[in-house]
Every structure is written in C-alpha cells, then in structure tokens.
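Trainee: What follows is a structure written as structure tokens; I'll ask about it next.
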Amino acid sequence: MWATRIFKTRTIAVEACKKGRVMIGGVTVKPSRMIKVGEIVQVRKPPVTYSFKVLALTERRMGAKLVPDYLENVTTPDQYEILEMNRIAGFVNRAKGLGRPTKKDRRELDEFTDPGEVDGFDFDFDFDSEG
C-alpha cells in the first residue's frame, strides 16, 4: 500500500493495518499479509472506504504516474458522495466564535459599543453649557 501510494509513509500504512482499517475480502489484515493479483483491498480513511483491485505486484515505491498499472480504483460513487458532503458541511457548520471575526461580527460589536445612539435617541452630552 505504501509502494502504490495509498499511504504517504510505511509507518502510516502499518498503523492503519493494526487499527483494522485495511481489509481484504472483508477481513482485517496484518501488515505482513502478502497480497495476490486480483484481490480487492479496502482501505478505510474515515469517512470513506476506498477499494482497489490489485493488477500487479511490486516491491519498490513508484511514481504516481505508474500507480494505475498496479492498482485499479473500484471505489463506489456513493463513497465519493460522502466525501463531498463532508467537505461541504465543513464550511456550512462553522462554529461561531472560532477564528477571525467576520465583517458582520465587527459591525455588530461596533454597534454594541457605540454610545452615540440608543433606540433612535441620540445622546450628545455637552457638559460645558448650562442648560
């Protein structure tokens, strides 16, 4: 999986196997498990489970352009829909108070702290005059 660039490092690939995120034939596998041509490898990277069909074997890490010669992506379209929905939800469900304030937040704060006008009445105090 590291050689075909499913994972960035060998360490991450081993950890994924140990955590049960890599399956072949619906069964979790150990990092040392040998794979065969024609097997379907399922890799769960939450929230999506990717599926790859093994076309050929290699022992060395390869360039990204060579990966299609060794693996075929057979991930179902519904998994990609889940990924897209999570990406969109990240922008929509932004929690208030996190990160930099928006222009609207700044204007509301200025309106709240401005002592000039309250409920349509303009308080303009002039302490020099007597009247």
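As shown in the structure tokens, the chain order sets the letters A, B, ...; within each chain, residues go from 1, and ligands are also counted from 1 in the order they appear.
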I need the residues of segment 8-112 of chain A that end up classed as strand (DSSP E) by DSSP on the backbone, written out as a ChimeraX atom specification.
Mentor: /A:22-24,27-28,40-45,48-54,71-73
Trainee: Which residues are near segment 60-74 of chain A? Cut-off 12 Å, only C-alpha atoms, ignore same chain within fewer than 2 positions. Put them as number ranges by chain.
Mentor: A: 1-10, 36-43, 49-58, 76-80
Trainee: Can I get the selected residues back with N, CA, C and O atoms, as a short mmCIF file (atom, residue, chain, number, x, y, z; two decimals), in the first residue's frame?
Mentor:
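As a result, out.cif now contains:
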```cif
data_model
loop_
_atom_site.label_atom_id
_atom_site.label_comp_id
_atom_site.auth_asym_id
_atom_site.auth_seq_id
_atom_site.Cartn_x
_atom_site.Cartn_y
_atom_site.Cartn_z
N MET A 1 0.82 -1.19 0.00
CA MET A 1 0.00 0.00 0.00
C MET A 1 0.87 1.25 0.00
O MET A 1 0.51 2.24 -0.61
N TRP A 2 2.00 1.19 0.67
CA TRP A 2 2.91 2.32 0.66
C TRP A 2 3.56 2.44 -0.72
O TRP A 2 3.69 3.54 -1.25
N ALA A 3 3.91 1.31 -1.33
CA ALA A 3 4.58 1.33 -2.62
C ALA A 3 3.68 1.91 -3.72
O ALA A 3 4.16 2.54 -4.65
N THR A 4 2.38 1.72 -3.60
CA THR A 4 1.45 2.24 -4.60
C THR A 4 0.80 3.54 -4.16
O THR A 4 -0.22 3.94 -4.72
N ARG A 5 1.37 4.16 -3.15
CA ARG A 5 1.00 5.50 -2.71
C ARG A 5 -0.42 5.63 -2.14
O ARG A 5 -1.02 6.69 -2.20
N ILE A 6 -0.96 4.57 -1.58
CA ILE A 6 -2.24 4.69 -0.88
C ILE A 6 -1.99 5.44 0.43
O ILE A 6 -2.80 6.25 0.86
N PHE A 7 -0.84 5.16 1.05
CA PHE A 7 -0.44 5.86 2.26
C PHE A 7 0.87 6.59 2.01
O PHE A 7 1.70 6.15 1.22
N LYS A 8 1.06 7.69 2.71
CA LYS A 8 2.24 8.53 2.49
C LYS A 8 3.52 7.88 2.99
O LYS A 8 4.57 8.01 2.37
N THR A 9 3.45 7.17 4.13
CA THR A 9 4.63 6.52 4.68
C THR A 9 4.32 5.08 5.04
O THR A 9 3.16 4.70 5.20
N ARG A 10 5.37 4.29 5.19
CA ARG A 10 5.18 2.89 5.59
C ARG A 10 4.62 2.81 7.00
O ARG A 10 3.80 1.95 7.31
N LYS A 36 -2.32 -10.87 -3.40
CA LYS A 36 -2.25 -11.57 -4.68
C LYS A 36 -2.91 -10.71 -5.75
O LYS A 36 -3.79 -9.89 -5.46
N VAL A 37 -2.54 -10.94 -6.98
CA VAL A 37 -3.15 -10.24 -8.11
C VAL A 37 -4.63 -10.63 -8.17
O VAL A 37 -4.98 -11.80 -8.03
N GLY A 38 -5.48 -9.64 -8.34
CA GLY A 38 -6.92 -9.87 -8.44
C GLY A 38 -7.68 -9.62 -7.15
O GLY A 38 -8.91 -9.54 -7.17
N GLU A 39 -6.99 -9.50 -6.02
CA GLU A 39 -7.67 -9.25 -4.75
C GLU A 39 -8.16 -7.81 -4.68
O GLU A 39 -7.57 -6.90 -5.28
N ILE A 40 -9.22 -7.60 -3.93
CA ILE A 40 -9.76 -6.26 -3.68
C ILE A 40 -9.32 -5.84 -2.28
O ILE A 40 -9.66 -6.50 -1.30
N VAL A 41 -8.58 -4.75 -2.22
CA VAL A 41 -8.12 -4.22 -0.94
C VAL A 41 -9.00 -3.03 -0.59
O VAL A 41 -9.16 -2.11 -1.39
N GLN A 42 -9.58 -3.06 0.61
CA GLN A 42 -10.42 -1.96 1.08
C GLN A 42 -9.67 -1.20 2.16
O GLN A 42 -9.19 -1.81 3.12
N VAL A 43 -9.56 0.10 1.98
CA VAL A 43 -8.84 0.96 2.92
C VAL A 43 -9.83 1.99 3.44
O VAL A 43 -10.39 2.76 2.68
N THR A 49 -14.49 4.63 2.60
CA THR A 49 -13.79 3.37 2.41
C THR A 49 -13.45 3.24 0.94
O THR A 49 -14.33 3.11 0.09
N TYR A 50 -12.15 3.31 0.65
CA TYR A 50 -11.68 3.19 -0.73
C TYR A 50 -11.46 1.72 -1.05
O TYR A 50 -11.06 0.94 -0.19
N SER A 51 -11.70 1.32 -2.31
CA SER A 51 -11.48 -0.04 -2.75
C SER A 51 -10.55 -0.04 -3.96
O SER A 51 -10.73 0.77 -4.87
N PHE A 52 -9.58 -0.95 -3.93
CA PHE A 52 -8.61 -1.05 -5.02
C PHE A 52 -8.47 -2.50 -5.44
O PHE A 52 -8.36 -3.38 -4.58
N LYS A 53 -8.44 -2.74 -6.73
CA LYS A 53 -8.20 -4.07 -7.26
C LYS A 53 -6.72 -4.16 -7.63
O LYS A 53 -6.19 -3.30 -8.34
N VAL A 54 -6.04 -5.21 -7.17
CA VAL A 54 -4.62 -5.39 -7.42
C VAL A 54 -4.44 -5.96 -8.83
O VAL A 54 -4.94 -7.03 -9.14
N LEU A 55 -3.71 -5.21 -9.67
CA LEU A 55 -3.46 -5.64 -11.05
C LEU A 55 -2.09 -6.28 -11.20
O LEU A 55 -1.90 -7.17 -12.04
N ALA A 56 -1.12 -5.83 -10.43
CA ALA A 56 0.24 -6.37 -10.48
C ALA A 56 0.92 -6.09 -9.13
O ALA A 56 0.42 -5.29 -8.34
N LEU A 57 2.02 -6.77 -8.87
CA LEU A 57 2.74 -6.61 -7.61
C LEU A 57 4.07 -5.90 -7.83
O LEU A 57 4.66 -6.00 -8.91
N THR A 58 4.52 -5.21 -6.81
CA THR A 58 5.80 -4.53 -6.85
C THR A 58 6.41 -4.55 -5.45
O THR A 58 5.69 -4.68 -4.46
N THR A 76 -16.83 2.79 -4.92
CA THR A 76 -18.18 3.10 -5.39
C THR A 76 -18.44 4.59 -5.35
O THR A 76 -17.90 5.30 -4.49
N PRO A 77 -19.27 5.10 -6.27
CA PRO A 77 -19.57 6.54 -6.30
C PRO A 77 -20.20 7.07 -5.02
O PRO A 77 -20.01 8.23 -4.67
N ASP A 78 -20.96 6.23 -4.30
CA ASP A 78 -21.59 6.71 -3.06
C ASP A 78 -20.54 7.10 -2.01
O ASP A 78 -20.77 7.99 -1.20
N GLN A 79 -19.38 6.46 -2.03
CA GLN A 79 -18.31 6.83 -1.10
C GLN A 79 -17.78 8.23 -1.41
O GLN A 79 -17.48 9.00 -0.51
N TYR A 80 -17.67 8.53 -2.70
CA TYR A 80 -17.21 9.87 -3.08
C TYR A 80 -18.26 10.93 -2.75
O TYR A 80 -17.93 12.07 -2.44
#
```
Trainee: Write out as a PDB file with N, CA and C atoms, in the first residue's frame each polymer residue whose atoms come within 12 Å of Ser32 of chain A, counting only C-alpha atoms; drop sequence neighbours fewer than 6 positions from it.
Mentor:
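Produced file selection-v5.pdb, reproduced below:
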```
ATOM      1  N   MET A   1       0.825  -1.190   0.000  1.00  0.00           N
ATOM      2  CA  MET A   1       0.000   0.000   0.000  1.00  0.00           C
ATOM      3  C   MET A   1       0.870   1.255   0.000  1.00  0.00           C
ATOM      4  N   ARG A  10       5.371   4.288   5.190  1.00  0.00           N
ATOM      5  CA  ARG A  10       5.183   2.891   5.593  1.00  0.00           C
ATOM      6  C   ARG A  10       4.621   2.813   7.004  1.00  0.00           C
ATOM      7  N   ALA A  13       0.943   3.234   6.962  1.00  0.00           N
ATOM      8  CA  ALA A  13       0.319   2.028   6.406  1.00  0.00           C
ATOM      9  C   ALA A  13       0.248   0.926   7.461  1.00  0.00           C
ATOM     10  N   VAL A  14       1.323   0.743   8.227  1.00  0.00           N
ATOM     11  CA  VAL A  14       1.349  -0.277   9.284  1.00  0.00           C
ATOM     12  C   VAL A  14       0.325   0.046  10.363  1.00  0.00           C
ATOM     13  N   GLU A  15       0.250   1.315  10.780  1.00  0.00           N
ATOM     14  CA  GLU A  15      -0.720   1.719  11.807  1.00  0.00           C
ATOM     15  C   GLU A  15      -2.151   1.478  11.338  1.00  0.00           C
ATOM     16  N   CYS A  17      -3.178  -0.819   9.285  1.00  0.00           N
ATOM     17  CA  CYS A  17      -3.425  -2.267   9.371  1.00  0.00           C
ATOM     18  C   CYS A  17      -3.692  -2.688  10.809  1.00  0.00           C
ATOM     19  N   LYS A  18      -2.903  -2.173  11.732  1.00  0.00           N
ATOM     20  CA  LYS A  18      -3.060  -2.533  13.146  1.00  0.00           C
ATOM     21  C   LYS A  18      -4.383  -2.040  13.716  1.00  0.00           C
ATOM     22  N   VAL A  22      -7.616  -1.705   7.154  1.00  0.00           N
ATOM     23  CA  VAL A  22      -7.305  -2.314   5.867  1.00  0.00           C
ATOM     24  C   VAL A  22      -7.908  -3.705   5.854  1.00  0.00           C
TER      25      VAL A  22
END
```
Trainee: Determine the nearest neighbour of Pro46 of chain A from the options A:Val27, A:Lys19, A:Leu83, A:Thr75, counting only C-alpha atoms.
Mentor: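 Smallest distance to Pro46 of chain A is found for A:Leu83.
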Trainee: What does the structure give for the distance between atom CA of Pro47 of chain A and atom CA of Arg87 of chain A, in Å to one decimal?
Mentor: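 It comes out at 10.7 Å.
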